[in-house]
Amino acid sequence: MAFKSLASLVSVLAALQVANGAITRRVACPDGVNTATNAACCALFAVRDDIQQNLFDGGECGEDVHESLRLTFHDAIGISPSIAATGVFGGGGADGSIAIFEDIETNFHANLGVDEIIDEQRPFIARHNISVADFIQFAGAIGVSNCPGAPRLDVFVGRVDATQPAPDKTVPEPFDTVDSILARFQDAGGFTPEEVVALLVSHTVAAADHVDPSIPGTPFDSTPEEFDTQFFIETQLRGTLFPGTGGNQGEVESPLRGELRLQSDSELARDSRTACEWQSFVNNQAKLQSAFKAAFRKMTVLGHDESQLIDCSELVPTPPPPASTAHFPAGLSNADIEQACASTPFPTLPTDPGPVTSVAPVPPS
């Protein structure tokens, strides 16, 4: 009996080793350097290295990262089941249509300025064997990995490129009401108000070129080179000034010189449906990372069946750790907060020392 039990145990262990080997077996890529869990991911190593060096300036979290991340959203959100239900094409989601039909979609008001990053990305797509749809989402995820504090985003390939453009007015505008913004996200992919807030984490590394054309590269928080929680702190500070000319559609007063506040961000930070979720990110870097990672994954496969795509997330580098902790910009404090969450007090945070903060524009790449 003892011998039989031992033999059975050995058989079980051997079976587990075989199963584990099958799970972890990797494919040698044709470049002779890299390996991957799926051969379809091998071609992405060259794409990743090329864009890191030649699009993202050697791995920086700069303007082209910000714009590439913006492009992932502007392409993916171009889908509307409610439009499709009327018998009209409602868009294909993350299908590359914004670049394939650049002459049409970049003329939509909400897409003002995205033609610049589309044109910068075009040569990379031309020299690599990758679909436009896959490249847009891949470039956004790789770019974000350069930003301190960012999550390691998921990447999928296998999307079919668009054969027709997305309809106009599928991309929300900064002057839209909270009602219309939430309805648009619900229509596009069943996004909850909490997931909408999570997607807006992207504004922590964002800047505006065209809201106020007199001040291009104006960021939405004081640390646009870091994927941190400052955006959620600073959007709840009392607005006192316009960083440029003022009176621009979709802009409201901001709390800092050199910082631009979108009307939509201001209203979502103060709306009863989203205010507490907004505030919950203030000093919770881990939640910010996990929530954005999940919402980005959902967005990046809009219009596709994820089970039919290939997961190549292993190619995304591990981002640098957070470079700072939650704080008030110098000269401001809890007294400057416009409390909007009715159920939870705003966290007590330290204030940076020194003179009143003034934010520099994001330099062009």
# chains A, B, ... in the order shown; residues from 1 in each chain; ligands from 1
>>> residues_around(residues="region 58-66 of chain A", least_positions_apart="6", cutoff="6 Å", atoms="only C-alpha atoms", output="list in words")
Gln52, Gly143, Asn146, Cys147, Ala206, Glu225, Pro364 and Ser365 of chain A
>>> write_last_selection(atoms="N, CA, C and O atoms", output="compact mmCIF listing (two decimals), in the first residue's frame")
# COMPACT_ATOMS: atom_id res chain seq x y z
N GLN A 52 9.57 53.66 -28.21
CA GLN A 52 10.19 54.17 -26.98
C GLN A 52 11.34 55.11 -27.32
O GLN A 52 11.50 56.17 -26.72
N GLY A 143 3.45 54.09 -23.83
CA GLY A 143 3.78 55.44 -23.41
C GLY A 143 3.50 55.68 -21.94
O GLY A 143 4.33 56.26 -21.22
N ASN A 146 6.00 54.89 -19.12
CA ASN A 146 7.12 55.80 -18.84
C ASN A 146 6.82 56.75 -17.69
O ASN A 146 7.73 57.45 -17.22
N CYS A 147 5.58 56.81 -17.26
CA CYS A 147 5.17 57.81 -16.27
C CYS A 147 5.26 57.26 -14.85
O CYS A 147 4.62 56.23 -14.54
N ALA A 206 -2.17 64.90 -18.65
CA ALA A 206 -2.72 65.53 -19.85
C ALA A 206 -2.46 67.03 -19.85
O ALA A 206 -2.21 67.65 -18.82
N GLU A 225 4.00 65.32 -15.53
CA GLU A 225 4.97 64.29 -15.86
C GLU A 225 4.87 63.09 -14.93
O GLU A 225 5.63 62.12 -15.06
N PRO A 364 6.93 70.98 -25.95
CA PRO A 364 6.67 70.13 -27.13
C PRO A 364 7.78 69.12 -27.32
O PRO A 364 8.94 69.37 -27.00
N SER A 365 7.43 67.95 -27.84
CA SER A 365 8.43 66.91 -28.09
C SER A 365 9.27 67.28 -29.31
O SER A 365 8.79 67.93 -30.24
>>> residues_around(residues="region 302-317 of chain A", least_positions_apart="2", cutoff="10 Å", atoms="only C-alpha atoms", output="PyMOL selection string")
chain A and resi 36-42+44-45+48+75-81+91-95+138-139+141-146+152-160+188-189+297-300+319-320
>>> residues_around(residues="Ser290 (chain A)", least_positions_apart="2", cutoff="10 Å", atoms="only C-alpha atoms", output="list in words")
Ala150, Pro151, Arg152, Leu153, Ala198, Gln285, Ala286, Lys287, Leu288, Phe292, Lys293, Ala294, Ala295 and Phe296 of chain A
>>> select_by_dssp(residues="region 94-258 of chain A", states="alpha helix (DSSP H)", output="PyMOL selection string")
chain A and resi 97-100+102-105+114-127+132-144+178-189+193-199+230-234
>>> closest_atom_pairs(of="region 181-253 of chain A", to="region 324-329 of chain A", cutoff="9 Å", atoms="only C-alpha atoms", output="CSV")
residue,atom,partner,partner_atom,distance
A:Ser222,CA,A:Pro329,CA,7.7
A:Glu226,CA,A:Ser324,CA,8.4
A:Asp228,CA,A:Ser324,CA,7.7
A:Thr229,CA,A:Ala326,CA,6.3
A:Gln230,CA,A:Ala326,CA,6.4
A:Ile233,CA,A:Phe328,CA,7.4
A:Glu234,CA,A:Phe328,CA,7.7
>>> atom_distance(atom1="CA of Leu182 (chain A)", atom2="CA of Phe220 (chain A)")
20.7 Å
>>> closest_residue(among="A:Pro224, A:Pro243, A:Pro123, A:Pro148", to="Val211 (chain A)", atoms="only C-alpha atoms")
A:Pro243
>>> residues_around(residues="Ala269 (chain A)", least_positions_apart="4", cutoff="7 Å", atoms="only C-alpha atoms", output="MDAnalysis selection string")
chainID A and resid 235:236 265 274:275 278
>>> closest_residue(among="A:Gly354, A:Pro30, A:Gly247, A:Pro219", to="Arg261 (chain A)", atoms="only C-alpha atoms")
A:Pro219
>>> closest_residue(among="A:Gln289, A:Thr106, A:Asn111, A:Gln263", to="Ile181 (chain A)", atoms="only C-alpha atoms")
A:Gln263
>>> closest_residue(among="A:His128, A:Glu105, A:Phe89, A:Gly113", to="Ala43 (chain A)", atoms="only C-alpha atoms")
A:His128
